[in-house]
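Below is the file final.cif, which contains mmCIF, C-alpha atoms.
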data_entry
#
loop_
_atom_site.group_PDB
_atom_site.id
_atom_site.type_symbol
_atom_site.label_atom_id
_atom_site.label_comp_id
_atom_site.auth_asym_id
_atom_site.auth_seq_id
_atom_site.Cartn_x
_atom_site.Cartn_y
_atom_site.Cartn_z
ATOM 1 C CA MET A 1 63.878 7.071 -15.914
ATOM 2 C CA SER A 2 60.775 8.553 -14.380
ATOM 3 C CA THR A 3 60.299 8.928 -10.682
ATOM 4 C CA THR A 4 56.922 8.764 -8.949
ATOM 5 C CA ILE A 5 56.605 10.648 -5.695
ATOM 6 C CA PHE A 6 53.859 9.579 -3.259
ATOM 7 C CA THR A 7 52.837 12.257 -0.796
ATOM 8 C CA GLN A 8 51.491 10.892 2.447
ATOM 9 C CA ASN A 9 48.957 12.964 4.323
ATOM 10 C CA SER A 10 49.870 14.023 7.812
ATOM 11 C CA PRO A 11 47.959 12.333 10.650
ATOM 12 C CA ARG A 12 46.077 15.594 11.197
ATOM 13 C CA GLU A 13 44.986 15.799 7.533
ATOM 14 C CA SER A 14 43.981 12.130 7.493
ATOM 15 C CA THR A 15 41.937 12.536 10.656
ATOM 16 C CA ALA A 16 40.312 15.701 9.330
ATOM 17 C CA SER A 17 39.240 13.915 6.147
ATOM 18 C CA VAL A 18 37.253 11.281 8.051
ATOM 19 C CA PRO A 19 34.453 13.673 9.146
ATOM 20 C CA HIS A 20 34.344 15.058 5.602
ATOM 21 C CA ARG A 21 33.917 11.581 4.108
ATOM 22 C CA LEU A 22 31.349 10.646 6.751
ATOM 23 C CA PHE A 23 29.338 13.768 5.974
ATOM 24 C CA ASP A 24 29.586 13.172 2.230
ATOM 25 C CA ILE A 25 28.511 9.506 2.487
ATOM 26 C CA SER A 26 25.665 10.203 4.918
ATOM 27 C CA THR A 27 24.354 12.944 2.597
ATOM 28 C CA LYS A 28 24.433 10.657 -0.440
ATOM 29 C CA VAL A 29 22.749 7.790 1.411
ATOM 30 C CA TRP A 30 20.034 10.142 2.711
ATOM 31 C CA PHE A 31 19.406 11.445 -0.784
ATOM 32 C CA ALA A 32 19.330 7.942 -2.304
ATOM 33 C CA VAL A 33 16.779 6.745 0.267
ATOM 34 C CA VAL A 34 14.591 9.814 -0.292
ATOM 35 C CA VAL A 35 14.737 9.387 -4.080
ATOM 36 C CA ILE A 36 13.720 5.726 -3.884
ATOM 37 C CA GLY A 37 10.857 6.569 -1.539
ATOM 38 C CA GLN A 38 9.641 9.405 -3.733
ATOM 39 C CA LEU A 39 9.728 7.243 -6.859
ATOM 40 C CA ILE A 40 7.525 4.708 -5.070
ATOM 41 C CA PHE A 41 5.179 7.544 -4.114
ATOM 42 C CA ALA A 42 5.128 8.822 -7.721
ATOM 43 C CA TYR A 43 4.214 5.330 -8.916
ATOM 44 C CA TYR A 44 1.411 5.239 -6.365
ATOM 45 C CA ILE A 45 0.083 8.631 -7.502
ATOM 46 C CA LEU A 46 0.121 7.702 -11.182
ATOM 47 C CA MET A 47 -1.415 4.253 -10.697
ATOM 48 C CA LEU A 48 -4.151 5.387 -8.306
ATOM 49 C CA TYR A 49 -5.171 8.856 -9.435
ATOM 50 C CA GLY A 50 -3.796 8.845 -12.979
ATOM 51 C CA ALA A 51 -5.200 5.460 -13.953
ATOM 52 C CA ALA A 52 -8.586 6.261 -12.386
ATOM 53 C CA GLY A 53 -8.722 9.563 -14.259
ATOM 54 C CA LEU A 54 -7.891 7.981 -17.609
ATOM 55 C CA GLN A 55 -10.582 5.365 -17.016
ATOM 56 C CA GLY A 56 -13.117 8.045 -16.084
ATOM 57 C CA ASN A 57 -13.506 6.466 -12.657
ATOM 58 C CA PHE A 58 -13.128 9.746 -10.773
ATOM 59 C CA GLU A 59 -14.987 8.432 -7.728
ATOM 60 C CA ARG A 60 -11.898 6.327 -7.007
ATOM 61 C CA TRP A 61 -10.064 9.548 -6.138
ATOM 62 C CA ASN A 62 -12.070 9.500 -2.901
ATOM 63 C CA ALA A 63 -10.547 6.176 -1.853
ATOM 64 C CA VAL A 64 -7.865 8.165 -0.056
ATOM 65 C CA THR A 65 -8.832 11.833 -0.262
ATOM 66 C CA THR A 66 -12.194 12.823 1.228
ATOM 67 C CA HIS A 67 -12.836 15.616 -1.257
ATOM 68 C CA GLY A 68 -10.876 14.341 -4.233
ATOM 69 C CA TYR A 69 -13.875 14.198 -6.520
ATOM 70 C CA VAL A 70 -17.040 16.189 -5.920
ATOM 71 C CA PRO A 71 -19.912 15.739 -8.407
ATOM 72 C CA ARG A 72 -20.699 18.867 -10.461
ATOM 73 C CA ASP A 73 -17.750 20.791 -8.990
ATOM 74 C CA TRP A 74 -15.793 20.763 -12.225
ATOM 75 C CA VAL A 75 -13.496 23.619 -11.144
ATOM 76 C CA GLY A 76 -12.520 21.906 -7.913
ATOM 77 C CA ASN A 77 -12.130 18.549 -9.651
ATOM 78 C CA LEU A 78 -9.916 20.121 -12.312
ATOM 79 C CA VAL A 79 -7.774 21.805 -9.673
ATOM 80 C CA PHE A 80 -7.453 18.549 -7.728
ATOM 81 C CA GLY A 81 -6.518 16.616 -10.875
ATOM 82 C CA ALA A 82 -3.910 19.224 -11.779
ATOM 83 C CA HIS A 83 -2.591 19.157 -8.205
ATOM 84 C CA VAL A 84 -2.105 15.382 -8.389
ATOM 85 C CA LEU A 85 -0.496 15.600 -11.846
ATOM 86 C CA PHE A 86 1.991 18.231 -10.721
ATOM 87 C CA ALA A 87 2.690 16.178 -7.589
ATOM 88 C CA ALA A 88 3.833 13.311 -9.807
ATOM 89 C CA ILE A 89 5.922 15.674 -11.958
ATOM 90 C CA ILE A 90 7.760 17.255 -9.045
ATOM 91 C CA THR A 91 8.250 13.926 -7.284
ATOM 92 C CA ILE A 92 10.058 12.573 -10.340
ATOM 93 C CA GLY A 93 11.685 15.767 -11.578
ATOM 94 C CA GLY A 94 12.924 17.127 -8.250
ATOM 95 C CA PRO A 95 15.597 14.522 -7.475
ATOM 96 C CA ILE A 96 16.782 14.567 -11.100
ATOM 97 C CA GLN A 97 17.278 18.319 -10.881
ATOM 98 C CA LEU A 98 19.675 17.970 -7.950
ATOM 99 C CA LEU A 99 21.933 15.362 -9.544
ATOM 100 C CA PRO A 100 25.307 17.004 -10.344
ATOM 101 C CA GLN A 101 25.900 14.484 -13.142
ATOM 102 C CA ILE A 102 22.822 15.765 -14.976
ATOM 103 C CA ARG A 103 23.722 19.387 -14.309
ATOM 104 C CA THR A 104 27.267 19.069 -15.670
ATOM 105 C CA ARG A 105 26.827 16.538 -18.488
ATOM 106 C CA ILE A 106 23.376 17.481 -19.793
ATOM 107 C CA PRO A 107 23.010 21.187 -18.919
ATOM 108 C CA ARG A 108 20.242 21.762 -21.478
ATOM 109 C CA PHE A 109 18.105 19.033 -19.902
ATOM 110 C CA HIS A 110 18.866 20.508 -16.483
ATOM 111 C CA ARG A 111 17.562 23.903 -17.603
ATOM 112 C CA ILE A 112 14.437 22.488 -19.260
ATOM 113 C CA ASN A 113 13.630 20.218 -16.323
ATOM 114 C CA GLY A 114 14.267 23.133 -13.976
ATOM 115 C CA ARG A 115 11.736 25.310 -15.766
ATOM 116 C CA ILE A 116 9.155 22.511 -15.646
ATOM 117 C CA TYR A 117 9.925 21.842 -11.985
ATOM 118 C CA ILE A 118 9.694 25.466 -10.878
ATOM 119 C CA GLY A 119 6.606 26.067 -13.020
ATOM 120 C CA SER A 120 5.012 23.047 -11.371
ATOM 121 C CA ALA A 121 6.044 24.427 -7.971
ATOM 122 C CA PHE A 122 4.060 27.612 -8.565
ATOM 123 C CA LEU A 123 1.030 25.771 -9.937
ATOM 124 C CA ILE A 124 0.918 23.057 -7.278
ATOM 125 C CA SER A 125 1.195 25.673 -4.535
ATOM 126 C CA LEU A 126 -1.700 27.704 -5.928
ATOM 127 C CA ALA A 127 -3.773 24.542 -6.393
ATOM 128 C CA GLY A 128 -2.948 23.442 -2.860
ATOM 129 C CA LEU A 129 -4.031 26.791 -1.441
ATOM 130 C CA TYR A 130 -7.310 26.592 -3.354
ATOM 131 C CA LEU A 131 -8.024 23.062 -2.140
ATOM 132 C CA ALA A 132 -7.054 23.881 1.453
ATOM 133 C CA TRP A 133 -9.311 26.920 1.792
ATOM 134 C CA VAL A 134 -12.147 26.098 -0.592
ATOM 135 C CA ARG A 135 -12.554 22.359 -0.106
ATOM 136 C CA GLY A 136 -10.821 22.118 3.245
ATOM 137 C CA ALA A 137 -7.676 20.317 4.342
ATOM 138 C CA ALA A 138 -7.243 17.282 6.552
ATOM 139 C CA GLY A 139 -6.903 18.558 10.091
ATOM 140 C CA GLY A 140 -9.361 21.403 9.725
ATOM 141 C CA LEU A 141 -8.266 25.002 10.141
ATOM 142 C CA THR A 142 -4.870 24.084 11.589
ATOM 143 C CA GLY A 143 -4.163 21.796 8.647
ATOM 144 C CA SER A 144 -5.113 24.555 6.195
ATOM 145 C CA ILE A 145 -2.795 27.010 7.949
ATOM 146 C CA PHE A 146 0.183 24.647 7.767
ATOM 147 C CA ILE A 147 -0.558 23.865 4.111
ATOM 148 C CA THR A 148 -0.630 27.608 3.444
ATOM 149 C CA ILE A 149 2.713 28.107 5.170
ATOM 150 C CA ASN A 150 4.194 25.274 3.115
ATOM 151 C CA GLY A 151 2.805 26.816 -0.071
ATOM 152 C CA LEU A 152 4.299 30.217 0.753
ATOM 153 C CA ILE A 153 7.677 28.624 1.502
ATOM 154 C CA ILE A 154 7.563 26.812 -1.862
ATOM 155 C CA LEU A 155 6.744 30.049 -3.709
ATOM 156 C CA THR A 156 9.546 31.893 -1.902
ATOM 157 C CA CYS A 157 12.134 29.198 -2.630
ATOM 158 C CA ALA A 158 11.058 28.978 -6.272
ATOM 159 C CA TYR A 159 11.360 32.751 -6.660
ATOM 160 C CA PHE A 160 14.893 32.904 -5.278
ATOM 161 C CA ALA A 161 15.989 29.817 -7.225
ATOM 162 C CA ILE A 162 14.907 31.563 -10.429
ATOM 163 C CA ARG A 163 16.378 34.910 -9.399
ATOM 164 C CA TYR A 164 19.843 33.564 -8.659
ATOM 165 C CA ALA A 165 19.845 31.367 -11.779
ATOM 166 C CA VAL A 166 19.132 34.438 -13.930
ATOM 167 C CA GLN A 167 21.847 36.385 -12.099
ATOM 168 C CA ARG A 168 24.265 33.456 -12.647
ATOM 169 C CA LYS A 169 24.907 33.240 -8.913
ATOM 170 C CA LEU A 170 25.004 29.484 -9.186
ATOM 171 C CA GLU A 171 25.974 28.589 -5.630
ATOM 172 C CA LEU A 172 23.045 30.578 -4.237
ATOM 173 C CA HIS A 173 20.836 29.100 -6.962
ATOM 174 C CA ARG A 174 21.783 25.565 -5.887
ATOM 175 C CA GLN A 175 21.111 26.374 -2.237
ATOM 176 C CA TRP A 176 17.625 27.659 -3.000
ATOM 177 C CA ALA A 177 17.006 24.686 -5.293
ATOM 178 C CA ILE A 178 17.761 22.396 -2.348
ATOM 179 C CA ARG A 179 15.443 24.452 -0.153
ATOM 180 C CA LEU A 180 12.764 24.176 -2.825
ATOM 181 C CA PHE A 181 13.205 20.408 -3.047
ATOM 182 C CA LEU A 182 12.754 20.078 0.728
ATOM 183 C CA ALA A 183 9.697 22.340 0.701
ATOM 184 C CA MET A 184 8.128 20.467 -2.212
ATOM 185 C CA SER A 185 8.742 17.192 -0.379
ATOM 186 C CA GLY A 186 6.781 18.345 2.673
ATOM 187 C CA VAL A 187 3.641 16.349 1.894
ATOM 188 C CA TRP A 188 5.728 13.247 1.214
ATOM 189 C CA PHE A 189 7.691 13.729 4.447
ATOM 190 C CA PHE A 190 4.386 14.077 6.302
ATOM 191 C CA ARG A 191 3.201 10.658 5.139
ATOM 192 C CA VAL A 192 6.528 8.963 5.788
ATOM 193 C CA PHE A 193 7.000 10.283 9.319
ATOM 194 C CA LEU A 194 3.342 9.677 10.156
ATOM 195 C CA MET A 195 3.811 6.017 9.253
ATOM 196 C CA LEU A 196 7.051 5.932 11.253
ATOM 197 C CA TRP A 197 5.122 7.250 14.283
ATOM 198 C CA LEU A 198 2.456 4.578 13.837
ATOM 199 C CA VAL A 199 5.117 1.866 13.560
ATOM 200 C CA ILE A 200 6.721 3.038 16.791
ATOM 201 C CA HIS A 201 3.485 3.288 18.795
ATOM 202 C CA GLN A 202 1.351 0.741 16.935
ATOM 203 C CA ALA A 203 -1.587 3.116 17.481
ATOM 204 C CA PRO A 204 -2.678 6.672 16.560
ATOM 205 C CA VAL A 205 -1.079 8.311 19.590
ATOM 206 C CA GLY A 206 -1.414 12.079 19.885
ATOM 207 C CA PHE A 207 -4.152 12.578 17.299
ATOM 208 C CA ASP A 208 -7.691 11.579 16.448
ATOM 209 C CA PRO A 209 -7.730 9.362 13.322
ATOM 210 C CA GLU A 210 -11.328 10.409 12.594
ATOM 211 C CA THR A 211 -10.899 14.179 12.624
ATOM 212 C CA PHE A 212 -7.163 13.958 11.860
ATOM 213 C CA GLU A 213 -6.430 16.581 14.495
ATOM 214 C CA GLY A 214 -4.190 16.541 17.534
ATOM 215 C CA PRO A 215 -0.940 17.836 19.018
ATOM 216 C CA PHE A 216 1.211 15.250 17.269
ATOM 217 C CA LEU A 217 -0.040 16.259 13.820
ATOM 218 C CA ASN A 218 0.640 19.916 14.642
ATOM 219 C CA ALA A 219 4.180 19.026 15.694
ATOM 220 C CA LEU A 220 4.615 16.847 12.612
ATOM 221 C CA SER A 221 3.444 19.668 10.331
ATOM 222 C CA LEU A 222 5.998 21.984 11.914
ATOM 223 C CA PHE A 223 8.693 19.327 11.476
ATOM 224 C CA VAL A 224 8.033 18.587 7.787
ATOM 225 C CA TYR A 225 6.874 21.968 6.455
ATOM 226 C CA ILE A 226 8.940 24.569 8.317
ATOM 227 C CA LEU A 227 11.946 22.987 10.035
ATOM 228 C CA PRO A 228 13.447 21.530 6.803
ATOM 229 C CA GLN A 229 14.511 25.094 5.956
ATOM 230 C CA VAL A 230 16.447 25.155 9.241
ATOM 231 C CA PHE A 231 17.903 21.731 8.458
ATOM 232 C CA ALA A 232 18.995 23.042 5.045
ATOM 233 C CA GLN A 233 20.914 25.875 6.699
ATOM 234 C CA ILE A 234 22.593 23.394 9.045
ATOM 235 C CA TYR A 235 23.561 21.301 6.002
ATOM 236 C CA PHE A 236 25.053 24.313 4.185
ATOM 237 C CA HIS A 237 27.055 25.255 7.268
ATOM 238 C CA ALA A 238 28.273 21.690 7.811
ATOM 239 C CA LYS A 239 29.366 21.512 4.191
ATOM 240 C CA ALA A 240 31.339 24.764 4.378
ATOM 241 C CA THR A 241 32.776 24.588 7.890
ATOM 242 C CA ASP A 242 36.194 23.281 8.866
ATOM 243 C CA SER A 243 34.844 22.092 12.214
ATOM 244 C CA ASN A 244 35.117 18.311 12.391
ATOM 245 C CA THR A 245 32.794 18.253 15.397
ATOM 246 C CA PHE A 246 30.027 20.025 13.500
ATOM 247 C CA LYS A 247 30.450 17.756 10.468
ATOM 248 C CA ILE A 248 30.224 14.644 12.642
ATOM 249 C CA ALA A 249 27.165 15.974 14.484
ATOM 250 C CA ALA A 250 25.467 16.816 11.173
ATOM 251 C CA SER A 251 26.356 13.368 9.823
ATOM 252 C CA LEU A 252 24.864 11.617 12.842
ATOM 253 C CA GLY A 253 21.725 13.706 12.441
ATOM 254 C CA LEU A 254 21.482 12.731 8.774
ATOM 255 C CA ILE A 255 22.014 9.067 9.606
ATOM 256 C CA THR A 256 19.259 9.186 12.235
ATOM 257 C CA LEU A 257 16.876 10.872 9.800
ATOM 258 C CA THR A 258 17.754 8.348 7.098
ATOM 259 C CA VAL A 259 16.955 5.385 9.320
ATOM 260 C CA GLY A 260 13.640 6.951 10.323
ATOM 261 C CA ILE A 261 12.774 7.777 6.711
ATOM 262 C CA LEU A 262 13.694 4.270 5.582
ATOM 263 C CA VAL A 263 11.359 2.689 8.156
ATOM 264 C CA GLY A 264 8.627 5.193 7.269
ATOM 265 C CA ILE A 265 8.968 4.467 3.541
ATOM 266 C CA PHE A 266 8.665 0.741 4.114
ATOM 267 C CA ALA A 267 5.638 1.200 6.384
ATOM 268 C CA ALA A 268 3.957 3.627 3.967
ATOM 269 C CA THR A 269 4.650 1.394 0.960
ATOM 270 C CA MET A 270 3.395 -1.809 2.537
ATOM 271 C CA GLY A 271 0.648 -0.350 4.708
ATOM 272 C CA MET A 272 -0.699 2.610 2.738
ATOM 273 C CA TRP A 273 0.417 2.863 -0.908
ATOM 274 C CA LEU A 274 0.573 -0.630 -2.437
ATOM 275 C CA PRO A 275 -2.605 -1.964 -0.740
ATOM 276 C CA ARG A 276 -4.639 0.841 -2.372
ATOM 277 C CA LEU A 277 -3.534 0.115 -5.944
#
Written form, structure tokens:
Amino acid sequence: MSTTIFTQNSPRESTASVPHRLFDISTKVWFAVVVIGQLIFAYYILMLYGAAGLQGNFERWNAVTTHGYVPRDWVGNLVFGAHVLFAAIITIGGPIQLLPQIRTRIPRFHRINGRIYIGSAFLISLAGLYLAWVRGAAGGLTGSIFITINGLIILTCAYFAIRYAVQRKLELHRQWAIRLFLAMSGVWFFRVFLMLWLVIHQAPVGFDPETFEGPFLNALSLFVYILPQVFAQIYFHAKATDSNTFKIAASLGLITLTVGILVGIFAATMGMWLPRL
């Protein structure tokens, strides 16, 4: 006769597991919301810019971007087209690359997709720098500076993600891959949180919608291009720490961000992306 022994966790262990589960669930929900929002954005990119390019209707690129298509500037137009193409690739490929199910069950696909993703990271950064300083970025000089900082962060994260993958230091590789994903999502975060701001205030508060300059846009650029690297470090610490207080605080922060992102995605989808298709 077999005997089954059930081991009951102590009250302390049970209590300690609650912050861990909260942190795990809040992370997964945040990621799921971001993935859904980025897939919508990828659809928008492909249907607006991709479809217009295939039809030869390049003037339609200017429906959203002031300098998307410039007659007789074939170099700039090629760079812009490549920039948009790589934006679609990274928006789709980035979330896939972070899925542990893909990494463990289809490692070959993970490696191939990773090479495409990181290659696209280098190319989209260089294209972005060209467009920012040659054609000009929204927000003038300040906008170009923030775009440059974002591009340098992307290049740095991509370099270290490759370096640690080659060295088989997989935990460090995964950390830099997460940093890279956040850096590559900067432009998407900018649009989402801009729409969240407009939903809250129902007006362009803190910036001039004509020149696209103002203190709010500077603060937003800092928040979406630079601070995500700080948020990543907080996430890594919350994941590794035994402090229940820190895990709960990190979870509440993630939940707050998720709610804001969810509202911003809805506002961007209904007010900016779908109406332009």
Compare A:Val33, A:Leu198, A:Leu48, A:Ala203 by their minimum atom-to-atom distance to A:Pro95, counting all atoms listed in the file, and give me the closest one.
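Answer, going by the shortest atom-to-atom distance: A:Val33.
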Between A:Leu180, A:Tyr69, A:Met47, A:Val224, smallest distance to A:Gly94 by all atoms listed in the file belongs to A:Leu180
Interatomic distance (Å, one decimal) between atom CA of A:Ile255 and atom CA of A:Ala238:
14.2 Å
From the list A:Ile45, A:Ile200, A:Leu22, A:Leu182, the nearest residue to A:Phe86 using all atoms listed in the file is A:Ile45
Give me the residues near A:Glu59 as a PyMOL selection string, where near means some atom within 12 Å (using only C-alpha atoms) and where sequence neighbours in that chain fewer than 4 positions away do not count.
chain A and resi 48-49+51-53+55+63-71+77
Identify all residues satisfying the PyMOL selection byres ((chain A and resi 173) around 10) in the given file; provide them as a list in words.
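After applying the PyMOL selection byres ((chain A and resi 173) around 10), what remains is Cys157, Ala158, Phe160, Ala161, Ile162, Arg163, Tyr164, Ala165, Val166, Gln167, Arg168, Lys169, Leu170, Glu171, Leu172, Arg174, Gln175, Trp176, Ala177, Ile178 and Arg179 of chain A.
With all atoms listed in the file as the basis for measurement, A:Thr91 is the residue among A:Ser251, A:Gln202, A:Thr91, A:Leu126 that approaches A:Ile36 most closely.
Atom CA of A:Tyr44 to atom CA of A:Gly264 spans 15.4 Å [interatomic distance, one decimal].
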I want to know what sits within 10 Å of stretch 108-123 of chain A, based on only C-alpha atoms, with residues of the same chain fewer than 5 positions away left out; could you give that as a CSV table (one decimal) with C-alpha atoms, in the coordinates of the input?
chain,number,residue,atom,x,y,z
A,79,VAL,CA,-7.8,21.8,-9.7
A,82,ALA,CA,-3.9,19.2,-11.8
A,83,HIS,CA,-2.6,19.2,-8.2
A,85,LEU,CA,-0.5,15.6,-11.8
A,86,PHE,CA,2.0,18.2,-10.7
A,87,ALA,CA,2.7,16.2,-7.6
A,88,ALA,CA,3.8,13.3,-9.8
A,89,ILE,CA,5.9,15.7,-12.0
A,90,ILE,CA,7.8,17.3,-9.0
A,91,THR,CA,8.2,13.9,-7.3
A,92,ILE,CA,10.1,12.6,-10.3
A,93,GLY,CA,11.7,15.8,-11.6
A,94,GLY,CA,12.9,17.1,-8.2
A,96,ILE,CA,16.8,14.6,-11.1
A,97,GLN,CA,17.3,18.3,-10.9
A,98,LEU,CA,19.7,18.0,-8.0
A,99,LEU,CA,21.9,15.4,-9.5
A,100,PRO,CA,25.3,17.0,-10.3
A,101,GLN,CA,25.9,14.5,-13.1
A,102,ILE,CA,22.8,15.8,-15.0
A,103,ARG,CA,23.7,19.4,-14.3
A,128,GLY,CA,-2.9,23.4,-2.9
A,129,LEU,CA,-4.0,26.8,-1.4
A,151,GLY,CA,2.8,26.8,-0.1
A,152,LEU,CA,4.3,30.2,0.8
A,154,ILE,CA,7.6,26.8,-1.9
A,155,LEU,CA,6.7,30.0,-3.7
A,156,THR,CA,9.5,31.9,-1.9
A,157,CYS,CA,12.1,29.2,-2.6
A,158,ALA,CA,11.1,29.0,-6.3
A,159,TYR,CA,11.4,32.8,-6.7
A,161,ALA,CA,16.0,29.8,-7.2
A,162,ILE,CA,14.9,31.6,-10.4
A,165,ALA,CA,19.8,31.4,-11.8
A,177,ALA,CA,17.0,24.7,-5.3
A,180,LEU,CA,12.8,24.2,-2.8
A,181,PHE,CA,13.2,20.4,-3.0
A,183,ALA,CA,9.7,22.3,0.7
A,184,MET,CA,8.1,20.5,-2.2
Which residues, written as number ranges by chain, have at least one atom at most 10 Å from A:Thr142, with all atoms listed in the file counted and residues fewer than 3 positions away on the same chain left out?
A: 137-139, 145-148, 213-214, 217-218, 221
Work out how far atom CA of A:Tyr130 is from atom CA of A:Thr269, in Å to one decimal.
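Computed distance, atom CA of A:Thr269 to atom CA of A:Tyr130, equals 28.2 Å.
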Can you work out which one of A:Val230, A:Leu196, A:Val18, A:Ile248 has the shortest atom-to-atom distance to A:Ile261, counting only C-alpha atoms?
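When distances to A:Ile261 are compared using only C-alpha atoms, the smallest one comes from A:Leu196.
Nearest to A:Ile124 of all the residues A:Val187, A:Leu254, A:Leu39, A:Ala32 is A:Val187, based on all atoms listed in the file.
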Tell me which residues the PyMOL selection byres ((chain A and resi 193) around 12) grabs here, as a ChimeraX atom specification.
/A:186-192,194-200,216-217,219-221,223-224,257-268
